[in-house]
$ cat start-v5.txt   # compact mmCIF, C-alpha atoms
# COMPACT_ATOMS: atom_id res chain seq x y z
CA MET A 1 -26.27 83.56 -6.55
CA THR A 2 -26.83 85.80 -9.60
CA ALA A 3 -27.44 83.13 -12.25
CA GLN A 4 -31.06 82.30 -12.84
CA PRO A 5 -32.50 78.96 -13.93
CA SER A 6 -32.73 79.16 -17.69
CA ALA A 7 -34.85 77.26 -20.18
CA PRO A 8 -33.14 74.37 -21.96
CA ARG A 9 -31.02 75.52 -24.85
CA ARG A 10 -32.77 75.14 -28.20
CA GLY A 11 -31.94 75.83 -31.82
CA ARG A 12 -29.21 74.77 -34.16
CA GLY A 13 -26.56 73.66 -31.64
CA ARG A 14 -25.88 70.12 -30.46
CA PRO A 15 -29.33 68.70 -29.65
CA PRO A 16 -29.94 68.07 -25.94
CA ARG A 17 -29.54 64.41 -25.05
CA ALA A 18 -32.74 64.66 -23.03
CA THR A 19 -35.34 67.41 -22.95
CA ALA A 20 -37.40 68.88 -20.16
CA SER A 21 -40.55 67.41 -21.62
CA ALA A 22 -39.25 63.84 -21.66
CA ASP A 23 -40.32 62.12 -18.42
CA ALA A 24 -39.42 65.09 -16.24
CA PRO A 25 -39.41 63.47 -12.74
CA ALA A 26 -37.18 60.62 -13.89
CA THR A 27 -34.76 63.02 -15.57
CA ARG A 28 -34.69 65.24 -12.50
CA ASP A 29 -33.93 62.24 -10.27
CA ARG A 30 -31.22 61.07 -12.65
CA ILE A 31 -29.57 64.50 -12.51
CA LEU A 32 -29.73 64.52 -8.71
CA ALA A 33 -28.22 61.03 -8.46
CA ALA A 34 -25.44 62.08 -10.85
CA ALA A 35 -24.90 65.27 -8.84
CA ARG A 36 -24.42 63.29 -5.61
CA GLU A 37 -21.88 61.07 -7.34
CA VAL A 38 -20.00 64.01 -8.80
CA PHE A 39 -19.97 65.94 -5.51
CA ALA A 40 -18.79 62.76 -3.76
CA GLU A 41 -16.00 62.07 -6.23
CA ARG A 42 -14.74 65.57 -6.95
CA GLY A 43 -15.88 67.58 -3.93
CA TYR A 44 -17.93 70.73 -4.11
CA GLU A 45 -15.27 73.02 -5.53
CA LYS A 46 -14.20 70.83 -8.43
CA ALA A 47 -17.72 69.72 -9.32
CA SER A 48 -19.36 71.59 -12.22
CA VAL A 49 -22.81 71.73 -13.79
CA ARG A 50 -21.17 70.50 -16.98
CA GLY A 51 -19.66 67.47 -15.19
CA ILE A 52 -22.98 66.68 -13.52
CA ALA A 53 -24.78 66.91 -16.86
CA LYS A 54 -22.24 64.59 -18.43
CA ALA A 55 -22.63 62.02 -15.63
CA ALA A 56 -26.43 62.17 -16.02
CA ASP A 57 -26.12 62.06 -19.82
CA VAL A 58 -28.17 65.22 -20.30
CA ASP A 59 -27.48 68.65 -21.74
CA PRO A 60 -26.05 71.11 -19.16
CA ALA A 61 -28.95 73.44 -20.01
CA LEU A 62 -31.32 70.84 -18.58
CA VAL A 63 -29.45 70.90 -15.26
CA HIS A 64 -29.82 74.68 -15.22
CA HIS A 65 -33.48 74.33 -16.17
CA TYR A 66 -34.32 72.04 -13.27
CA PHE A 67 -32.01 73.37 -10.58
CA GLY A 68 -30.31 76.62 -11.58
CA THR A 69 -26.75 77.19 -10.37
CA LYS A 70 -24.25 74.67 -8.97
CA GLU A 71 -25.17 75.94 -5.48
CA GLN A 72 -28.80 75.14 -6.15
CA VAL A 73 -27.99 71.66 -7.48
CA PHE A 74 -26.01 71.02 -4.30
CA GLU A 75 -28.87 72.29 -2.15
CA SER A 76 -31.33 69.95 -3.86
CA ALA A 77 -28.90 67.04 -3.46
CA VAL A 78 -28.57 67.77 0.27
CA GLU A 79 -32.33 68.02 0.69
CA GLY A 80 -32.74 64.68 -1.06
CA ALA A 81 -30.15 63.05 1.20
CA PHE A 82 -31.99 64.26 4.29
CA ALA A 83 -35.36 63.03 3.01
CA PRO A 84 -35.27 59.75 5.00
CA VAL A 85 -34.55 61.71 8.18
CA LEU A 86 -37.34 64.15 7.41
CA ARG A 87 -39.85 61.42 6.70
CA SER A 88 -39.26 59.77 10.06
CA ARG A 89 -41.10 61.11 13.11
CA PRO A 90 -39.03 60.07 16.13
CA PHE A 91 -41.06 61.96 18.69
CA ALA A 92 -44.41 60.75 17.41
CA GLU A 93 -43.16 57.19 17.06
CA ALA A 94 -41.22 56.86 20.29
CA ARG A 95 -42.66 55.33 23.40
CA PRO A 96 -42.46 57.65 26.42
CA GLY A 97 -38.91 57.84 27.68
CA ARG A 98 -37.56 56.34 24.46
CA VAL A 99 -37.07 59.47 22.35
CA GLY A 100 -33.28 59.15 22.72
CA GLU A 101 -33.29 55.57 21.56
CA GLN A 102 -35.59 56.38 18.64
CA PHE A 103 -33.25 59.18 17.54
CA ALA A 104 -30.19 57.00 17.81
CA ARG A 105 -31.94 54.28 15.80
CA MET A 106 -33.06 56.71 13.10
CA PHE A 107 -29.58 58.21 12.63
CA LEU A 108 -27.71 54.93 12.72
CA GLY A 109 -30.27 53.52 10.27
CA VAL A 110 -29.64 56.29 7.76
CA TRP A 111 -25.86 56.01 8.12
CA GLU A 112 -25.66 52.21 8.15
CA ASN A 113 -27.52 52.05 4.82
CA PRO A 114 -24.91 52.46 2.04
CA ALA A 115 -27.53 54.03 -0.28
CA THR A 116 -28.10 56.93 2.12
CA ARG A 117 -24.58 57.00 3.59
CA ALA A 118 -22.83 57.79 0.30
CA PRO A 119 -24.65 61.07 -0.44
CA LEU A 120 -24.45 62.17 3.19
CA LEU A 121 -20.70 61.53 3.25
CA ALA A 122 -20.35 63.56 0.07
CA ILE A 123 -22.22 66.43 1.68
CA VAL A 124 -20.23 66.33 4.90
CA ARG A 125 -16.95 66.30 2.96
CA SER A 126 -18.03 69.24 0.80
CA ALA A 127 -19.37 71.24 3.74
CA VAL A 128 -16.15 70.79 5.72
CA SER A 129 -13.86 71.87 2.92
CA ASN A 130 -15.85 74.64 1.20
CA GLU A 131 -17.49 77.71 2.72
CA ALA A 132 -20.28 77.96 0.11
CA ALA A 133 -21.21 74.31 0.65
CA ALA A 134 -21.06 74.84 4.43
CA ALA A 135 -23.53 77.73 4.14
CA ILE A 136 -26.01 75.56 2.24
CA PHE A 137 -25.54 72.69 4.70
CA ARG A 138 -26.02 75.09 7.62
CA ARG A 139 -29.22 76.56 6.21
CA LEU A 140 -30.73 73.16 5.46
CA VAL A 141 -29.68 71.41 8.65
CA THR A 142 -30.89 74.29 10.79
CA GLY A 143 -34.05 74.92 8.79
CA LEU A 144 -35.15 71.40 8.02
CA VAL A 145 -33.77 69.14 10.71
CA LEU A 146 -32.86 70.98 13.88
CA SER A 147 -35.77 73.46 13.95
CA ARG A 148 -38.12 70.56 13.38
CA VAL A 149 -36.67 68.72 16.36
CA ALA A 150 -36.54 71.85 18.52
CA GLU A 151 -40.23 72.52 17.81
CA GLU A 152 -41.08 69.38 19.69
CA LEU A 153 -39.00 70.34 22.72
CA ASP A 154 -39.95 72.70 25.50
CA GLY A 155 -38.01 75.69 26.77
CA PRO A 156 -36.05 78.62 25.38
CA ASP A 157 -32.92 76.49 24.90
CA ALA A 158 -34.67 73.87 22.72
CA GLN A 159 -32.63 74.67 19.61
CA LEU A 160 -29.31 74.48 21.48
CA ARG A 161 -30.32 71.19 23.10
CA ALA A 162 -31.29 69.76 19.70
CA GLU A 163 -27.87 70.83 18.40
CA LEU A 164 -25.99 69.18 21.26
CA ALA A 165 -27.86 65.94 20.53
CA ALA A 166 -26.99 66.39 16.85
CA ALA A 167 -23.36 67.03 17.86
CA GLN A 168 -23.18 63.65 19.61
CA VAL A 169 -24.40 61.93 16.46
CA VAL A 170 -22.35 64.04 14.02
CA GLY A 171 -19.21 63.29 16.04
CA LEU A 172 -19.91 59.58 15.94
CA VAL A 173 -20.44 59.85 12.18
CA MET A 174 -17.02 61.51 11.89
CA LEU A 175 -15.21 58.91 14.00
CA ARG A 176 -17.06 55.84 12.67
CA TYR A 177 -17.64 56.56 8.97
CA VAL A 178 -15.24 59.36 7.96
CA ILE A 179 -12.05 58.95 10.04
CA LYS A 180 -12.84 55.28 10.83
CA VAL A 181 -11.37 55.14 14.33
CA GLU A 182 -11.49 51.71 15.99
CA PRO A 183 -13.32 50.30 17.90
CA ALA A 184 -16.08 52.81 17.03
CA ALA A 185 -15.82 52.01 13.31
CA SER A 186 -16.62 48.30 13.80
CA ALA A 187 -18.86 48.49 16.88
CA ASP A 188 -22.22 46.74 16.65
CA PRO A 189 -24.94 49.29 15.74
CA GLU A 190 -27.24 48.01 18.50
CA ASP A 191 -24.46 48.51 21.05
CA LEU A 192 -23.97 52.07 19.82
CA ILE A 193 -27.72 52.76 19.95
CA ALA A 194 -27.82 51.53 23.55
CA ARG A 195 -24.89 53.79 24.48
CA LEU A 196 -26.20 56.86 22.65
CA ALA A 197 -29.83 56.58 23.76
CA PRO A 198 -29.47 57.93 27.34
CA VAL A 199 -27.25 60.79 26.16
CA LEU A 200 -29.68 61.86 23.42
CA GLN A 201 -32.59 61.48 25.83
CA HIS A 202 -30.72 63.72 28.27
CA HIS A 203 -30.02 66.41 25.67
CA LEU A 204 -33.49 66.34 24.13
CA THR A 205 -35.69 66.02 27.19
CA GLY A 206 -33.42 66.95 30.09
CA GLY A 207 -33.74 63.37 31.32
CA HIS A 208 -31.28 62.26 33.96
CA LEU A 209 -28.33 60.20 32.86
CA PRO A 210 -28.41 56.82 34.52
CA ALA A 211 -25.82 56.28 37.22
CA ASP A 212 -24.51 52.89 36.25
CA GLY A 213 -24.13 50.90 39.33
CA MET B 1 5.72 56.00 2.48
CA THR B 2 8.75 55.02 0.40
CA ALA B 3 10.63 58.31 0.38
CA GLN B 4 13.19 58.65 3.13
CA PRO B 5 14.27 61.83 4.85
CA SER B 6 17.24 63.04 2.87
CA ALA B 7 20.11 65.30 3.79
CA PRO B 8 19.80 68.91 2.68
CA ARG B 9 20.81 69.39 -0.92
CA ARG B 10 24.33 70.71 -1.26
CA GLY B 11 26.61 71.66 -4.07
CA ARG B 12 26.48 74.08 -6.94
CA GLY B 13 22.70 74.60 -7.17
CA ARG B 14 20.77 77.47 -5.71
CA PRO B 15 22.09 77.86 -2.14
CA PRO B 16 19.63 76.86 0.60
CA ARG B 17 18.03 79.90 2.21
CA ALA B 18 18.59 78.24 5.58
CA THR B 19 20.65 75.21 6.49
CA ALA B 20 20.17 72.41 8.97
CA SER B 21 23.00 73.71 11.09
CA ALA B 22 21.49 77.16 11.52
CA ASP B 23 19.45 77.25 14.74
CA ALA B 24 17.79 73.89 14.08
CA PRO B 25 14.88 74.02 16.58
CA ALA B 26 13.78 77.47 15.41
CA THR B 27 13.98 76.42 11.76
CA ARG B 28 12.04 73.24 12.48
CA ASP B 29 9.32 75.23 14.26
CA ARG B 30 9.16 77.74 11.42
CA ILE B 31 8.67 74.92 8.91
CA LEU B 32 5.92 73.40 11.06
CA ALA B 33 4.12 76.73 11.42
CA ALA B 34 4.36 77.23 7.66
CA ALA B 35 3.12 73.68 7.08
CA ARG B 36 0.00 74.29 9.19
CA GLU B 37 -0.72 77.46 7.25
CA VAL B 38 -0.25 75.75 3.89
CA PHE B 39 -2.37 72.73 4.88
CA ALA B 40 -5.05 75.13 6.16
CA GLU B 41 -5.07 77.25 3.03
CA ARG B 42 -4.68 74.62 0.33
CA GLY B 43 -5.86 71.41 1.99
CA TYR B 44 -3.80 68.25 2.23
CA GLU B 45 -3.99 67.24 -1.42
CA LYS B 46 -2.92 70.54 -2.93
CA ALA B 47 -0.25 71.23 -0.32
CA SER B 48 3.32 70.37 -1.35
CA VAL B 49 6.71 70.21 0.34
CA ARG B 50 7.83 72.86 -2.14
CA GLY B 51 4.96 75.16 -1.11
CA ILE B 52 5.67 74.62 2.58
CA ALA B 53 9.37 75.35 2.05
CA LYS B 54 8.49 78.55 0.20
CA ALA B 55 6.15 79.69 3.00
CA ALA B 56 8.88 78.98 5.57
CA ASP B 57 11.52 80.61 3.37
CA VAL B 58 13.78 77.56 3.42
CA ASP B 59 15.04 75.15 0.80
CA PRO B 60 12.67 72.21 0.13
CA ALA B 61 15.60 69.87 0.95
CA LEU B 62 15.51 71.20 4.50
CA VAL B 63 11.86 70.23 4.85
CA HIS B 64 12.77 66.73 3.69
CA HIS B 65 15.73 66.70 6.04
CA TYR B 66 13.66 67.48 9.13
CA PHE B 67 10.43 65.69 8.33
CA GLY B 68 10.72 63.46 5.26
CA THR B 69 7.67 63.19 2.98
CA LYS B 70 4.56 65.38 2.86
CA GLU B 71 2.77 62.70 4.91
CA GLN B 72 5.44 63.00 7.58
CA VAL B 73 5.26 66.80 7.63
CA PHE B 74 1.49 66.51 8.08
CA GLU B 75 1.92 63.99 10.89
CA SER B 76 4.31 66.29 12.72
CA ALA B 77 1.93 69.22 12.25
CA VAL B 78 -0.93 67.17 13.71
CA GLU B 79 1.17 66.07 16.66
CA GLY B 80 2.09 69.68 17.33
CA ALA B 81 -1.56 70.76 17.21
CA PHE B 82 -2.48 68.13 19.78
CA ALA B 83 0.36 69.09 22.11
CA PRO B 84 -1.81 71.30 24.37
CA VAL B 85 -4.27 68.42 24.77
CA LEU B 86 -1.47 65.98 25.51
CA ARG B 87 0.13 68.25 28.09
CA SER B 88 -3.09 68.50 30.08
CA ARG B 89 -3.98 65.78 32.57
CA PRO B 90 -7.75 65.97 33.01
CA PHE B 91 -8.05 62.91 35.21
CA ALA B 92 -5.23 63.87 37.49
CA GLU B 93 -6.36 67.48 37.72
CA ALA B 94 -10.09 66.94 38.11
CA ARG B 95 -11.84 66.97 41.44
CA PRO B 96 -13.84 63.80 42.10
CA GLY B 97 -16.96 63.73 39.95
CA ARG B 98 -15.63 66.57 37.77
CA VAL B 99 -13.77 64.62 35.08
CA GLY B 100 -16.49 65.44 32.54
CA GLU B 101 -16.28 69.13 33.31
CA GLN B 102 -12.49 69.06 33.17
CA PHE B 103 -12.58 67.41 29.75
CA ALA B 104 -15.14 69.86 28.43
CA ARG B 105 -13.04 72.76 29.72
CA MET B 106 -9.84 71.40 28.19
CA PHE B 107 -11.38 70.87 24.74
CA LEU B 108 -13.27 74.15 24.66
CA GLY B 109 -10.09 75.89 25.81
CA VAL B 110 -8.06 74.48 22.91
CA TRP B 111 -10.78 75.29 20.36
CA GLU B 112 -11.65 78.75 21.71
CA ASN B 113 -8.00 79.83 21.39
CA PRO B 114 -7.48 81.03 17.79
CA ALA B 115 -3.79 80.01 17.92
CA THR B 116 -4.67 76.36 18.50
CA ARG B 117 -7.99 76.38 16.63
CA ALA B 118 -6.47 77.27 13.25
CA PRO B 119 -4.14 74.26 12.94
CA LEU B 120 -6.79 71.90 14.32
CA LEU B 121 -9.33 73.17 11.78
CA ALA B 122 -6.78 72.62 9.03
CA ILE B 123 -6.26 69.06 10.18
CA VAL B 124 -9.96 68.28 10.45
CA ARG B 125 -10.58 69.69 6.96
CA SER B 126 -7.72 67.67 5.48
CA ALA B 127 -8.71 64.46 7.28
CA VAL B 128 -12.31 64.71 6.10
CA SER B 129 -11.45 65.25 2.46
CA ASN B 130 -8.38 63.05 1.99
CA GLU B 131 -7.88 59.37 2.85
CA ALA B 132 -4.12 59.61 3.46
CA ALA B 133 -4.64 62.52 5.84
CA ALA B 134 -7.47 60.61 7.53
CA ALA B 135 -5.15 57.65 8.13
CA ILE B 136 -2.56 59.87 9.82
CA PHE B 137 -5.25 61.60 11.89
CA ARG B 138 -6.71 58.22 12.87
CA ARG B 139 -3.34 56.82 13.95
CA LEU B 140 -2.46 59.89 16.02
CA VAL B 141 -5.85 60.44 17.61
CA THR B 142 -6.16 56.79 18.54
CA GLY B 143 -2.55 56.37 19.60
CA LEU B 144 -1.92 59.63 21.38
CA VAL B 145 -5.24 60.93 22.66
CA LEU B 146 -7.86 58.21 22.96
CA SER B 147 -5.61 55.40 24.22
CA ARG B 148 -4.23 57.78 26.80
CA VAL B 149 -7.73 58.59 28.02
CA ALA B 150 -8.86 54.96 27.87
CA GLU B 151 -5.88 53.92 29.99
CA GLU B 152 -7.36 55.85 32.87
CA LEU B 153 -10.75 54.21 32.55
CA ASP B 154 -11.81 50.81 33.80
CA GLY B 155 -13.43 48.04 31.84
CA PRO B 156 -13.04 46.29 28.49
CA ASP B 157 -15.05 49.01 26.72
CA ALA B 158 -12.81 51.88 27.90
CA GLN B 159 -11.60 52.74 24.39
CA LEU B 160 -15.13 52.84 22.98
CA ARG B 161 -16.32 54.99 25.87
CA ALA B 162 -13.44 57.40 25.33
CA GLU B 163 -14.41 57.58 21.65
CA LEU B 164 -18.08 58.33 22.42
CA ALA B 165 -16.94 61.18 24.68
CA ALA B 166 -14.64 62.36 21.88
CA ALA B 167 -17.57 62.08 19.44
CA GLN B 168 -19.66 64.49 21.54
CA VAL B 169 -16.84 67.02 21.44
CA VAL B 170 -15.91 66.44 17.78
CA GLY B 171 -19.56 66.93 16.79
CA LEU B 172 -19.73 70.19 18.70
CA VAL B 173 -16.53 71.30 16.98
CA MET B 174 -18.15 70.56 13.61
CA LEU B 175 -21.37 72.44 14.39
CA ARG B 176 -19.78 75.36 16.25
CA TYR B 177 -16.50 76.03 14.43
CA VAL B 178 -16.73 74.35 11.01
CA ILE B 179 -20.38 74.51 9.88
CA LYS B 180 -21.16 77.37 12.31
CA VAL B 181 -24.74 76.44 13.14
CA GLU B 182 -26.57 78.87 15.44
CA PRO B 183 -27.11 79.05 18.38
CA ALA B 184 -24.24 76.57 19.01
CA ALA B 185 -21.76 78.80 17.13
CA SER B 186 -22.34 81.81 19.42
CA ALA B 187 -23.19 80.03 22.67
CA ASP B 188 -21.24 81.07 25.77
CA PRO B 189 -18.34 78.62 26.33
CA GLU B 190 -19.22 78.28 30.03
CA ASP B 191 -22.80 77.37 29.12
CA LEU B 192 -21.51 74.72 26.73
CA ILE B 193 -19.10 73.34 29.34
CA ALA B 194 -21.98 73.04 31.82
CA ARG B 195 -24.10 71.19 29.25
CA LEU B 196 -21.32 68.88 28.07
CA ALA B 197 -19.92 68.02 31.49
CA PRO B 198 -22.57 65.47 32.61
CA VAL B 199 -22.53 63.76 29.20
CA LEU B 200 -18.75 63.41 29.16
CA GLN B 201 -18.80 62.29 32.77
CA HIS B 202 -21.37 59.65 31.82
CA HIS B 203 -19.35 58.38 28.85
CA LEU B 204 -16.03 58.38 30.65
CA THR B 205 -16.98 57.05 34.03
CA GLY B 206 -20.51 55.64 33.64
CA GLY B 207 -21.64 58.19 36.20
CA HIS B 208 -18.90 57.30 38.67
CA LEU B 209 -15.23 58.11 38.88
CA PRO B 210 -13.02 55.07 38.29
CA ALA B 211 -11.90 55.39 41.92
CA ASP B 212 -15.50 54.99 43.10
CA GLY B 213 -15.99 51.80 41.12
$ encode --input "start-v5.txt" --output "structure tokens"
Amino acid sequence: MTAQPSAPRRGRGRPPRATASADAPATRDRILAAAREVFAERGYEKASVRGIAKAADVDPALVHHYFGTKEQVFESAVEGAFAPVLRSRPFAEARPGRVGEQFARMFLGVWENPATRAPLLAIVRSAVSNEAAAAIFRRLVTGLVLSRVAEELDGPDAQLRAELAAAQVVGLVMLRYVIKVEPAASADPEDLIARLAPVLQHHLTGGHLPADG
Amino acid sequence: MTAQPSAPRRGRGRPPRATASADAPATRDRILAAAREVFAERGYEKASVRGIAKAADVDPALVHHYFGTKEQVFESAVEGAFAPVLRSRPFAEARPGRVGEQFARMFLGVWENPATRAPLLAIVRSAVSNEAAAAIFRRLVTGLVLSRVAEELDGPDAQLRAELAAAQVVGLVMLRYVIKVEPAASADPEDLIARLAPVLQHHLTGGHLPADG
């Protein structure tokens, strides 16, 4: 991580196709959207700042200007993909005893929506196959998502319990959306929510698992 | 899958470094071990029969002779990696009410052992990043592992319940061994087994052993 974000290239070379001054938030979003597509298509290792710039139709210097290195572009893309999860407040919104259901609903909602599924799939694929991408994923998931959940739990093992709940959901993501194992891949989302809810409730709050009669 | 296994190349070319007649089971095992290493190092897409043959110090024709195409080598490597799981009989071996614990112990055992973890990690990485590898993984996991577990369960949703139990374990594998999120990555295996056991028991038996039902 030695490269620093640099100002857009100026001077007599090929003029930038877009400049930092031109509608900055829109340009930034366009670069991020392009980055998610490029990471999804090529994977982390083969993706390059140049390729991302090309897909966003901007000068590579502008990508460096907004984000810095490839690692930093990836980190911003991951953060953006987690934004819907971070905006939701499952504990605050859940009725008592329904935290597990609320969590299951939130995660399935994010993954059932193709607009949020695509970037998340790209991130999972990159993190599984590349150590640098895994490190970024690890830092963000621990820092942004799991710590935030663990904060709301009691006890010294809150972080581990949050991770075991996350593991249940991550595993379902793998089987349903990545490996596409049947019948999990085609199961009704409401059926899955009903099956996951007591398990997530158990992990998160120590609630007893129901003994089905 | 159009290529057929072919006989080892003969004739006036470079002589094979090993032939099919020479201690066949040992040669076959050496090729499989080399294949797992090559798939682990290079990933499914970049791995080649030629590269696997080189790592095993045999002629590529011998790899084709024993296994056929790259897809078929991968399939055999996956089957071999699952062998310890397939040899175990968690339902038969578990005390009543301890099926969940037995499953947790079996899976953690396979993944805690570096000799079995390495090929499994290679397979997971390949299956996540490549569709052809995912298809092979899907077929084997469903056919060999999950159907076998579901057979021992009662009810029309046995396969889905087996998959939700698998999801809990697969997710933990992702967080602990692939992404290496703390504290899950360093947690004591016995602690994890104790935490997973009731959840797996719930998924697999709905809180009761099939015999109790």
$ residues_near_point --input "start-v5.txt" --point "(-6.5, 60.1, 12.8)" --cutoff "12 Å" --atoms "all atoms listed in the file" --output "NGL selection string"
(:A and (174-176 or 178-182)) or (:B and (74-75 or 78-79 or 82 or 120 or 123-128 or 130-146))
$ atom_distance --input "start-v5.txt" --atom1 "atom CA of Ala34 of chain A" --atom2 "atom CA of Ala53 of chain A"
7.7 Å
$ axis_aligned_box --input "start-v5.txt" --around "segment 125-131 of chain B" --padding-each-side "5 Å" --output "JSON"
{"center_x": -10.0, "center_y": 64.5, "center_z": 4.6, "size_x": 14.6, "size_y": 20.3, "size_z": 15.3}
$ residues_around --input "start-v5.txt" --residues "Arg161 of chain B" --least-positions-apart "4" --cutoff "9 Å" --atoms "all atoms listed in the file" --output "ChimeraX atom specification"
/A:195 /B:150,153,157,165-166,203-206
$ atom_distance --input "start-v5.txt" --atom1 "atom CA of Arg36 of chain A" --atom2 "atom CA of Tyr44 of chain B"
22.6 Å
$ atom_distance --input "start-v5.txt" --atom1 "atom CA of Lys70 of chain B" --atom2 "atom CA of Leu121 of chain B"
18.3 Å
$ closest_residue --input "start-v5.txt" --among "A:Val170, A:Arg148, A:Val38, A:Pro25" --to "Ala104 of chain A" --atoms "all atoms listed in the file"
A:Val170
$ closest_residue --input "start-v5.txt" --among "A:Pro119, A:Pro114, A:Leu192, A:Arg87" --to "Ala35 of chain A" --atoms "all atoms listed in the file"
A:Pro119
$ closest_residue --input "start-v5.txt" --among "A:Leu200, A:Ile31, A:Ala167, A:Leu172" --to "Arg50 of chain A" --atoms "only C-alpha atoms"
A:Ile31
$ closest_residue --input "start-v5.txt" --among "A:Ala158, A:Ala61, A:Ala77, A:Val169" --to "chain B" --atoms "only C-alpha atoms"
A:Val169
$ residues_near_point --input "start-v5.txt" --point "(-22.2, 74.2, 34.7)" --cutoff "12 Å" --atoms "all atoms listed in the file" --output "list in words"
Arg98, Gly100, Glu101, Gln102, Ala104, Arg105, Asp188, Pro189, Glu190, Asp191, Leu192, Ile193, Ala194, Arg195, Leu196, Ala197, Pro198 and Val199 of chain B
$ closest_residue --input "start-v5.txt" --among "A:Ser76, A:Thr27, A:Ser147, A:Gln159" --to "chain B" --atoms "all atoms listed in the file"
A:Gln159
